[in-house]
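Enquirer: Just so it is clear, I am handing over entry18.json, which has JSON, C-alpha atoms.
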[["chain", "number", "residue", "atom", "x", "y", "z"],
["A", 180, "MET", "CA", -54.73, -43.72, -53.14],
["A", 181, "ARG", "CA", -55.37, -45.00, -49.61],
["A", 182, "LYS", "CA", -52.78, -44.09, -47.01],
["A", 183, "TRP", "CA", -51.90, -46.07, -43.91],
["A", 184, "GLU", "CA", -50.33, -44.80, -40.74],
["A", 185, "THR", "CA", -48.13, -46.65, -38.29],
["A", 186, "PRO", "CA", -46.13, -45.59, -35.26],
["A", 187, "GLU", "CA", -42.37, -45.56, -35.64],
["A", 188, "LEU", "CA", -39.93, -45.59, -32.75],
["A", 189, "ILE", "CA", -36.99, -43.27, -33.37],
["A", 190, "ARG", "CA", -33.93, -42.51, -31.29],
["A", 191, "ILE", "CA", -32.92, -38.88, -31.03],
["A", 192, "THR", "CA", -29.44, -38.00, -29.83],
["A", 193, "GLY", "CA", -27.77, -34.66, -29.59],
["A", 194, "PRO", "CA", -24.16, -33.73, -29.03],
["A", 195, "GLY", "CA", -23.34, -34.36, -25.37],
["A", 196, "SER", "CA", -26.90, -35.41, -24.47],
["A", 197, "ARG", "CA", -28.39, -38.75, -23.62],
["A", 198, "SER", "CA", -30.54, -40.52, -26.18],
["A", 199, "GLU", "CA", -34.29, -40.06, -26.14],
["A", 200, "ARG", "CA", -36.89, -42.27, -27.76],
["A", 201, "ARG", "CA", -40.01, -40.89, -29.35],
["A", 202, "ILE", "CA", -42.94, -42.41, -31.14],
["A", 203, "VAL", "CA", -43.79, -40.52, -34.28],
["A", 204, "SER", "CA", -46.61, -41.20, -36.68],
["A", 205, "TYR", "CA", -45.57, -42.27, -40.15],
["A", 206, "GLN", "CA", -47.85, -41.60, -43.11],
["A", 207, "ALA", "CA", -47.43, -44.55, -45.47],
["A", 208, "GLU", "CA", -47.57, -43.78, -49.17],
["A", 209, "THR", "CA", -48.28, -47.29, -50.44],
["A", 210, "PRO", "CA", -50.18, -50.26, -49.00],
["A", 211, "PHE", "CA", -46.86, -52.11, -48.66],
["A", 212, "ASP", "CA", -45.30, -49.67, -46.20],
["A", 213, "ASN", "CA", -46.70, -51.58, -43.22],
["A", 214, "ILE", "CA", -47.79, -55.04, -42.22],
["A", 215, "GLU", "CA", -51.52, -54.26, -42.10],
["A", 216, "GLY", "CA", -51.54, -52.88, -45.63],
["A", 217, "SER", "CA", -49.59, -55.85, -46.93],
["A", 218, "HIS", "CA", -51.92, -58.25, -45.14],
["A", 219, "GLU", "CA", -54.96, -56.54, -46.65],
["A", 220, "TYR", "CA", -53.41, -56.72, -50.13],
["A", 221, "VAL", "CA", -52.58, -60.42, -49.77],
["A", 222, "ALA", "CA", -56.16, -61.11, -48.62],
["A", 223, "LEU", "CA", -57.50, -59.37, -51.73],
["A", 224, "LEU", "CA", -55.07, -61.33, -53.87],
["A", 225, "ALA", "CA", -56.30, -64.58, -52.29],
["A", 226, "GLU", "CA", -59.91, -63.66, -53.15],
["A", 227, "ALA", "CA", -58.96, -62.95, -56.78],
["A", 228, "LEU", "CA", -57.04, -66.22, -56.89],
["A", 229, "ASP", "CA", -60.06, -68.18, -55.65],
["A", 230, "GLU", "CA", -62.20, -66.60, -58.33],
["A", 231, "ALA", "CA", -59.64, -67.46, -61.02],
["A", 232, "ARG", "CA", -59.50, -71.06, -59.81],
["A", 233, "ARG", "CA", -63.29, -71.38, -60.08],
["A", 234, "ASP", "CA", -63.20, -69.95, -63.60],
["A", 235, "VAL", "CA", -60.46, -72.38, -64.66],
["A", 236, "GLU", "CA", -62.37, -75.34, -63.22],
["A", 237, "ALA", "CA", -65.41, -74.30, -65.30],
["A", 238, "GLU", "CA", -63.19, -74.02, -68.39],
["A", 239, "ILE", "CA", -61.78, -77.50, -67.73],
["A", 240, "ALA", "CA", -65.31, -78.92, -67.61],
["A", 241, "ALA", "CA", -66.16, -77.14, -70.88],
["A", 242, "ALA", "CA", -63.00, -78.51, -72.53],
["A", 243, "GLU", "CA", -63.99, -82.03, -71.46],
["A", 244, "ARG", "CA", -67.45, -81.60, -72.97],
["A", 245, "ASP", "CA", -65.91, -80.32, -76.20],
["A", 246, "ARG", "CA", -63.33, -83.13, -76.18],
["A", 247, "ALA", "CA", -60.58, -80.52, -76.54],
["A", 248, "ASP", "CA", -57.78, -82.58, -75.01],
["A", 249, "ARG", "CA", -54.96, -80.15, -75.70],
["A", 250, "ARG", "CA", -56.95, -77.26, -74.22],
["A", 251, "LYS", "CA", -57.87, -79.38, -71.19],
["A", 252, "GLU", "CA", -54.20, -80.24, -70.57],
["A", 253, "ALA", "CA", -53.24, -76.57, -70.74],
["A", 254, "LEU", "CA", -56.03, -75.66, -68.32],
["A", 255, "LEU", "CA", -54.96, -78.44, -65.94],
["A", 256, "LEU", "CA", -51.48, -76.92, -65.93],
["A", 257, "VAL", "CA", -52.99, -73.52, -65.18],
["A", 258, "SER", "CA", -55.02, -75.08, -62.36],
["A", 259, "TYR", "CA", -51.90, -76.70, -60.93],
["A", 260, "ASN", "CA", -49.99, -73.40, -60.96],
["A", 261, "LEU", "CA", -52.93, -71.58, -59.37],
["A", 262, "ALA", "CA", -52.98, -74.22, -56.61],
["A", 263, "LYS", "CA", -49.25, -73.65, -55.99],
["A", 264, "LEU", "CA", -49.81, -69.90, -55.89],
["A", 265, "HIS", "CA", -52.71, -70.37, -53.46],
["A", 266, "LEU", "CA", -50.37, -72.28, -51.15],
["A", 267, "HIS", "CA", -47.79, -69.47, -51.28],
["A", 268, "ILE", "CA", -50.44, -66.81, -50.63],
["A", 269, "THR", "CA", -51.80, -68.75, -47.66],
["A", 270, "THR", "CA", -48.29, -69.07, -46.26],
["A", 271, "SER", "CA", -47.69, -65.34, -46.78],
["A", 272, "ARG", "CA", -50.89, -64.47, -44.92],
["A", 273, "ARG", "CA", -49.83, -66.61, -41.98],
["A", 274, "ILE", "CA", -46.38, -65.02, -41.88],
["A", 275, "LEU", "CA", -47.91, -61.53, -41.98],
["A", 276, "ASN", "CA", -50.26, -62.51, -39.14],
["A", 277, "ASP", "CA", -47.29, -63.75, -37.11],
["A", 278, "LEU", "CA", -45.35, -60.54, -37.74],
["A", 279, "ARG", "CA", -48.35, -58.43, -36.75],
["A", 280, "SER", "CA", -48.79, -60.42, -33.53],
["A", 281, "LEU", "CA", -45.09, -60.22, -32.69],
["A", 282, "ARG", "CA", -45.02, -56.47, -33.29],
["A", 283, "ARG", "CA", -48.01, -55.99, -30.97],
["A", 284, "LEU", "CA", -46.36, -58.18, -28.34],
["A", 285, "LEU", "CA", -43.08, -56.26, -28.53],
["A", 286, "LEU", "CA", -44.80, -52.87, -28.37],
["A", 287, "ALA", "CA", -46.85, -53.99, -25.37],
["A", 288, "GLU", "CA", -43.70, -55.18, -23.55],
["A", 289, "ARG", "CA", -42.10, -51.79, -24.08],
["A", 290, "GLY", "CA", -45.19, -50.03, -22.78],
["A", 291, "LEU", "CA", -45.75, -48.35, -26.13],
["A", 292, "PRO", "CA", -49.27, -47.79, -27.43],
["A", 293, "VAL", "CA", -50.43, -50.45, -29.82],
["A", 294, "GLU", "CA", -52.30, -48.74, -32.64],
["A", 295, "GLU", "CA", -54.72, -49.95, -35.21],
["A", 296, "PRO", "CA", -54.16, -48.79, -38.80],
["A", 297, "GLY", "CA", -55.43, -45.30, -39.47],
["A", 298, "GLU", "CA", -54.93, -43.94, -35.95],
["A", 299, "ILE", "CA", -52.58, -41.01, -35.46],
["A", 300, "THR", "CA", -50.58, -40.74, -32.24],
["A", 301, "THR", "CA", -47.42, -39.01, -31.15],
["A", 302, "GLY", "CA", -45.93, -39.63, -27.78],
["A", 303, "GLN", "CA", -42.65, -39.76, -25.92],
["A", 304, "GLU", "CA", -40.81, -42.38, -23.96],
["A", 305, "GLY", "CA", -38.01, -41.21, -21.69]]
Would you encode the structure as structure tokens?
Expert:
Amino acid sequence: MRKWETPELIRITGPGSRSERRIVSYQAETPFDNIEGSHEYVALLAEALDEARRDVEAEIAAAERDRADRRKEALLLVSYNLAKLHLHITTSRRILNDLRSLRRLLLAERGLPVEEPGEITTGQEG
């Protein structure tokens, strides 16, 4: 299984001491533990969806040739639902892109290092 790493900002406080912020590296266990992994997964899902849509379009053409009206109607319904799913996947990709951009912007404003997936860093911010 592939593992992703992202920096996490944590606040450490002790009894009677002021709070301290540290960046610690987090080893993700699934591809959904960070935005980059989720974005990569959604991109792969979009590719599989495009392939399925092409296959269904070929099946619709075959059903027309065979004059299988009932089969054609079922395949048209499948095509319609795949088109709806494609719209949702496209929207999800855009939202993930926005979240990734906003996270990078916020980290840059705080002066924190902006990391690419797979890099390991630990640092401190006072």
Enquirer: Counting all atoms listed in the file, which residues come within 12 Å of (-61.4, -72.3, -61.9), with the point read in the file's coordinates, and could you list them as a list in words?
Expert: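 Applying the cut-off with all atoms listed in the file, one gets Ala227, Leu228, Asp229, Glu230, Ala231, Arg232, Arg233, Asp234, Val235, Glu236, Ala237, Glu238, Ile239, Ala240, Ala241, Leu254, Leu255, Leu256, Val257, Ser258, Tyr259, Asn260, Leu261 and Ala262 of chain A.
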Enquirer: My list of candidates is A:Lys263, A:Arg289, A:Arg272, A:Arg279. Which is closest to Tyr220 in chain A when distances are computed with all atoms listed in the file?
Expert: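 Once distances to Tyr220 in chain A are computed over all atoms listed in the file, the minimum belongs to A:Arg272.
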Enquirer: Which residue gives the smallest distance to His267 in chain A among A:Glu243, A:Gly290, A:Ala225, A:Asp248, with all atoms listed in the file counted?
Expert: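 Checking each of A:Glu243, A:Gly290, A:Ala225, A:Asp248 against His267 in chain A, counting all atoms listed in the file, the winner is A:Ala225.
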Enquirer: Hey, which of A:Arg244, A:Arg283, A:His265, A:Lys251 ends up closest to Leu224 in chain A? Count all atoms listed in the file.
Expert: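 Selected residue with least distance to Leu224 in chain A: A:His265.
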Enquirer: In Å, with one decimal, what is the gap from CA of Val221 in chain A to CA of Thr269 in chain A?
Expert: 8.6 Å
Enquirer: So how far away is CA of Ala222 in chain A from CA of Asp277 in chain A, in Å?
Expert: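 So the two atoms, CA of Asp277 in chain A and CA of Ala222 in chain A, lie 14.8 Å apart.
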Enquirer: Report, in Å to a single decimal, how far apart CA of Ala287 in chain A and CA of Glu208 in chain A are.
Expert: 25.9 Å
Enquirer: Excluding same-chain residues fewer than 2 positions from Asn276 in chain A, what lies within 12 Å of it counting only C-alpha atoms, as a list in words?
Expert: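 These residues fall inside the cut-off: Ile214, Glu215, Gly216, Ser217, His218, Glu219, Val221, Ala222, Thr269, Thr270, Ser271, Arg272, Arg273, Ile274, Leu278, Arg279, Ser280, Leu281, Arg282 and Arg283 of chain A.
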